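A short write-up of the structure that comes next.
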Amino acid sequence: MEIKDLLIFQSVARNGSISKAADELCYVQSHVTARIKSLESKLKTQLFDRHSRGTTLNTEGKRLLVYTEKILFLIEKMNKEFQDSANPSGTLEIGTVETIMKLPMILSTYHSNHPNVDLTLKTGVSKDLLNQVLKRELDGAFVTGFGNHPEIEKIEVFQEELVLISGSKRISYDSLKHKPLLVFNSGCSYRARLENWLYDGGIVNAKVMEFGTLETILGSVTAGLGISLVPHSTVSHLEEAEVIQCYPIPKKYSDISTVFIRQADTYLTSTMKKFIDTINQVSSESSLITLKPFLNVSNNEKYPV
């Protein structure tokens, strides 16, 4: 059964005449008659009562008309959704690490401009998100500390400076190094940077406490449970409120980039293209904002190199 047969059937049903349907569809009358007979043969039933005044749907024809209108409606909707690149719709499944401060602005801007897209967000650590993108379980993801991968296309979002954080009382670096590490699960790039910094400083068996959310980590740090390494933009408000202390570490460990990744060989749908355009727009606007220095380090308290 072809879609054209359903269109011809619908026209004959609406016009009550094979000749009128032929004129409407720009077909010869014999072609319309042949297609209707073919449709009746495939369905093994007569669809019209034929008489001198034209054709009238019988009971079976009325049943088919219900299905026909549903099918043609869905086809029209499908074509519209895929062809309307200016107003994308459908679903978009995005993954992200928890510490991206610009993410709410990106999502808000995208939703405002493209309300017909059903956007789903899933959080995780960079390693797990990369695997999910590679397995096509996610359309894309925001990750940190990502290098290059032959199957992945990446879009630079912004650069971050990681800072070491502890409770409200300021302490020495030597004391910080022996505090428990409050971190995300293995696969988090922030955790890897913190562990590498301590390892290079001679701290091999640091005590590690894993947490599932950034909120829990920050709450535990403010309670004095231990230290963590996070983007400064994530905790600047807590530093200003003097709830935590921030400490710089060498650029080798502190400078980190956030990128958006997607499968390189997947078709760039209008839904995804508009999302990437939004990322670039928000990142460009944010880069115009100058942030004040986060910490004045006294001359007698230098971070170890």
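In the structure tokens, each chain is lettered A, B, ... as it comes, each chain's residues begin at 1, and ligands are numbered from 1 in order of appearance.
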Checklist entry - So which bits of region 97-304 of chain A end up helix (DSSP H, G or I) when you DSSP the backbone, as a PyMOL selection string? => result chain A and resi 103-113+126-134+173-177+189-200+214-222+232-240+251-254+270-286
Checklist entry - Within 12 Å of Lys273 (chain A), counting only C-alpha atoms, which residues qualify if same-chain residues fewer than 4 places away don't, as a PyMOL selection string? => result chain A and resi 85-89+92+110+114+139-140+155+262+266-269+277-280
Residues of the last selection are to be written out with C-alpha atoms, as a PDB file, in the first residue's frame.
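And here is the file that came out, selection.pdb:
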```pdb
ATOM      1  CA  SER A  85      15.123  23.999  10.331  1.00  0.00           C
ATOM      2  CA  ALA A  86      14.342  27.459  11.719  1.00  0.00           C
ATOM      3  CA  ASN A  87      11.962  26.010  14.329  1.00  0.00           C
ATOM      4  CA  PRO A  88      13.350  22.614  15.350  1.00  0.00           C
ATOM      5  CA  SER A  89      11.402  20.136  17.428  1.00  0.00           C
ATOM      6  CA  LEU A  92      17.653  16.302  22.620  1.00  0.00           C
ATOM      7  CA  TYR A 110      17.782  27.484  24.032  1.00  0.00           C
ATOM      8  CA  HIS A 114      13.121  26.667  20.625  1.00  0.00           C
ATOM      9  CA  ASP A 139      23.274  13.315  21.775  1.00  0.00           C
ATOM     10  CA  GLY A 140      26.080  15.328  23.361  1.00  0.00           C
ATOM     11  CA  ILE A 155      33.185  22.697  20.784  1.00  0.00           C
ATOM     12  CA  ARG A 262      29.209  14.919  20.178  1.00  0.00           C
ATOM     13  CA  THR A 266      26.382  11.728  13.328  1.00  0.00           C
ATOM     14  CA  TYR A 267      24.171  13.893  11.136  1.00  0.00           C
ATOM     15  CA  LEU A 268      23.964  17.462  12.431  1.00  0.00           C
ATOM     16  CA  THR A 269      20.228  17.896  12.878  1.00  0.00           C
ATOM     17  CA  ASP A 277      24.698  27.955  18.094  1.00  0.00           C
ATOM     18  CA  THR A 278      23.281  28.734  21.548  1.00  0.00           C
ATOM     19  CA  ILE A 279      26.444  27.463  23.257  1.00  0.00           C
ATOM     20  CA  ASN A 280      28.593  29.710  21.063  1.00  0.00           C
TER      21      ASN A 280
END
```
Sort by chain and increasing residue number a table of all residues of region 133-159 of chain A within 10 Å of region 172-193 of chain A, each with its closest pair of atoms and their distance in Å to one decimal, counting only C-alpha atoms, and write it as a tab-separated table.
```
residue	atom	partner	partner_atom	distance
A:Val143	CA	A:Ser189	CA	8.7
A:Thr144	CA	A:Ser189	CA	6.3
A:Gly145	CA	A:Ser189	CA	5.7
A:Phe146	CA	A:Ser189	CA	8.4
```
Restricting the output to all heavy atoms, write the selected residues as a compact mmCIF listing (two decimals), in the first residue's frame.
```txt
# COMPACT_ATOMS: atom_id res chain seq x y z
N VAL A 143 31.75 18.29 29.10
CA VAL A 143 32.76 17.59 29.90
C VAL A 143 33.94 18.53 30.13
O VAL A 143 34.10 19.55 29.46
CB VAL A 143 33.23 16.30 29.22
CG1 VAL A 143 32.08 15.31 29.07
CG2 VAL A 143 33.86 16.58 27.86
N THR A 144 34.79 18.14 31.07
CA THR A 144 35.96 18.96 31.39
C THR A 144 37.23 18.15 31.22
O THR A 144 37.23 16.92 31.28
CB THR A 144 35.88 19.48 32.84
OG1 THR A 144 35.76 18.35 33.72
CG2 THR A 144 34.69 20.40 33.03
N GLY A 145 38.34 18.86 30.98
CA GLY A 145 39.63 18.21 30.87
C GLY A 145 39.70 17.23 29.71
O GLY A 145 40.44 16.24 29.77
N PHE A 146 38.98 17.49 28.63
CA PHE A 146 38.92 16.56 27.50
C PHE A 146 39.99 16.93 26.48
O PHE A 146 40.16 18.09 26.12
CB PHE A 146 37.53 16.64 26.86
CG PHE A 146 37.33 15.70 25.71
CD1 PHE A 146 37.01 14.37 25.94
CD2 PHE A 146 37.47 16.13 24.40
CE1 PHE A 146 36.83 13.49 24.88
CE2 PHE A 146 37.29 15.26 23.34
CZ PHE A 146 36.97 13.93 23.59
```
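The coordinates place CA of Ala223 (chain A) at 28.5 Å from CA of Thr258 (chain A).
Here the question is which of A:His232, A:Lys62, A:Lys70, A:His31 gets nearest to Gln46 (chain A) using only C-alpha atoms, and that residue is A:Lys62.
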Find the residues near Ala241 (chain A): any atom within 12 Å, counting only C-alpha atoms, skip ones fewer than 5 places away on the same chain, and give them as a compact mmCIF listing (two decimals) with N, CA and C atoms, in the first residue's frame.
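The new file out02.txt reads:
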```
# COMPACT_ATOMS: atom_id res chain seq x y z
N GLY A 167 37.34 24.86 54.63
CA GLY A 167 36.38 25.56 55.47
C GLY A 167 36.74 27.02 55.67
N SER A 168 35.98 27.71 56.49
CA SER A 168 36.11 29.17 56.62
C SER A 168 37.41 29.61 57.27
N THR A 222 32.35 23.17 53.83
CA THR A 222 32.01 24.26 54.76
C THR A 222 31.92 23.75 56.20
N VAL A 235 32.20 28.60 43.24
CA VAL A 235 32.22 28.87 44.68
C VAL A 235 32.51 30.31 45.04
N SER A 236 32.56 31.20 44.07
CA SER A 236 32.92 32.60 44.36
C SER A 236 31.94 33.24 45.35
N CYS A 246 39.52 29.95 49.57
CA CYS A 246 40.02 29.48 48.27
C CYS A 246 41.54 29.63 48.21
```
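The coordinates place CA of Val97 (chain A) at 15.2 Å from CA of Leu218 (chain A).
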List every residue of region 166-209 of chain A that DSSP, applied to the backbone, labels as strand (DSSP E or B), and write the result as a PDB file with N, CA and C atoms, in the first residue's frame.
```pdb
ATOM      1  N   SER A 166      38.626  24.975  51.233  1.00  0.00           N
ATOM      2  CA  SER A 166      38.531  24.379  52.569  1.00  0.00           C
ATOM      3  C   SER A 166      37.496  25.178  53.356  1.00  0.00           C
ATOM      4  N   LEU A 181      40.173  14.200  50.983  1.00  0.00           N
ATOM      5  CA  LEU A 181      39.759  14.743  49.688  1.00  0.00           C
ATOM      6  C   LEU A 181      38.284  14.443  49.470  1.00  0.00           C
ATOM      7  N   LEU A 182      37.498  15.478  49.286  1.00  0.00           N
ATOM      8  CA  LEU A 182      36.062  15.315  49.046  1.00  0.00           C
ATOM      9  C   LEU A 182      35.843  15.454  47.545  1.00  0.00           C
ATOM     10  N   VAL A 183      35.537  14.353  46.877  1.00  0.00           N
ATOM     11  CA  VAL A 183      35.565  14.335  45.417  1.00  0.00           C
ATOM     12  C   VAL A 183      34.377  13.567  44.840  1.00  0.00           C
ATOM     13  N   VAL A 208      40.407   9.557  50.706  1.00  0.00           N
ATOM     14  CA  VAL A 208      39.430  10.005  49.716  1.00  0.00           C
ATOM     15  C   VAL A 208      38.026   9.683  50.186  1.00  0.00           C
ATOM     16  N   MET A 209      37.136  10.679  50.056  1.00  0.00           N
ATOM     17  CA  MET A 209      35.722  10.483  50.368  1.00  0.00           C
ATOM     18  C   MET A 209      34.921  10.877  49.132  1.00  0.00           C
TER      19      MET A 209
END
```
Next on the checklist: Neighbouring residues of Lys102 (chain A) were defined as those with any atom within 9 Å, considering only C-alpha atoms; residues of the same chain fewer than 3 positions away were excluded. Please report them as a list in words.
Outcome noted: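 Counting only the stated atoms, we get Met105, Ile106, Leu107, Val282, Ser283 and Ser286 of chain A.
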Item to check | Who sits within 9 Å of region 47-55 of chain A, only C-alpha atoms, same chain under 5 positions skipped, as a list in words | outcome: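 Non-adjacent residues within range: Val12, Ala13, Asn15, Gly16, Ser17, Ile18, Ser19, Ile36, Leu39, Glu40, Glu60, Gly61, Lys62 and Leu64 of chain A.
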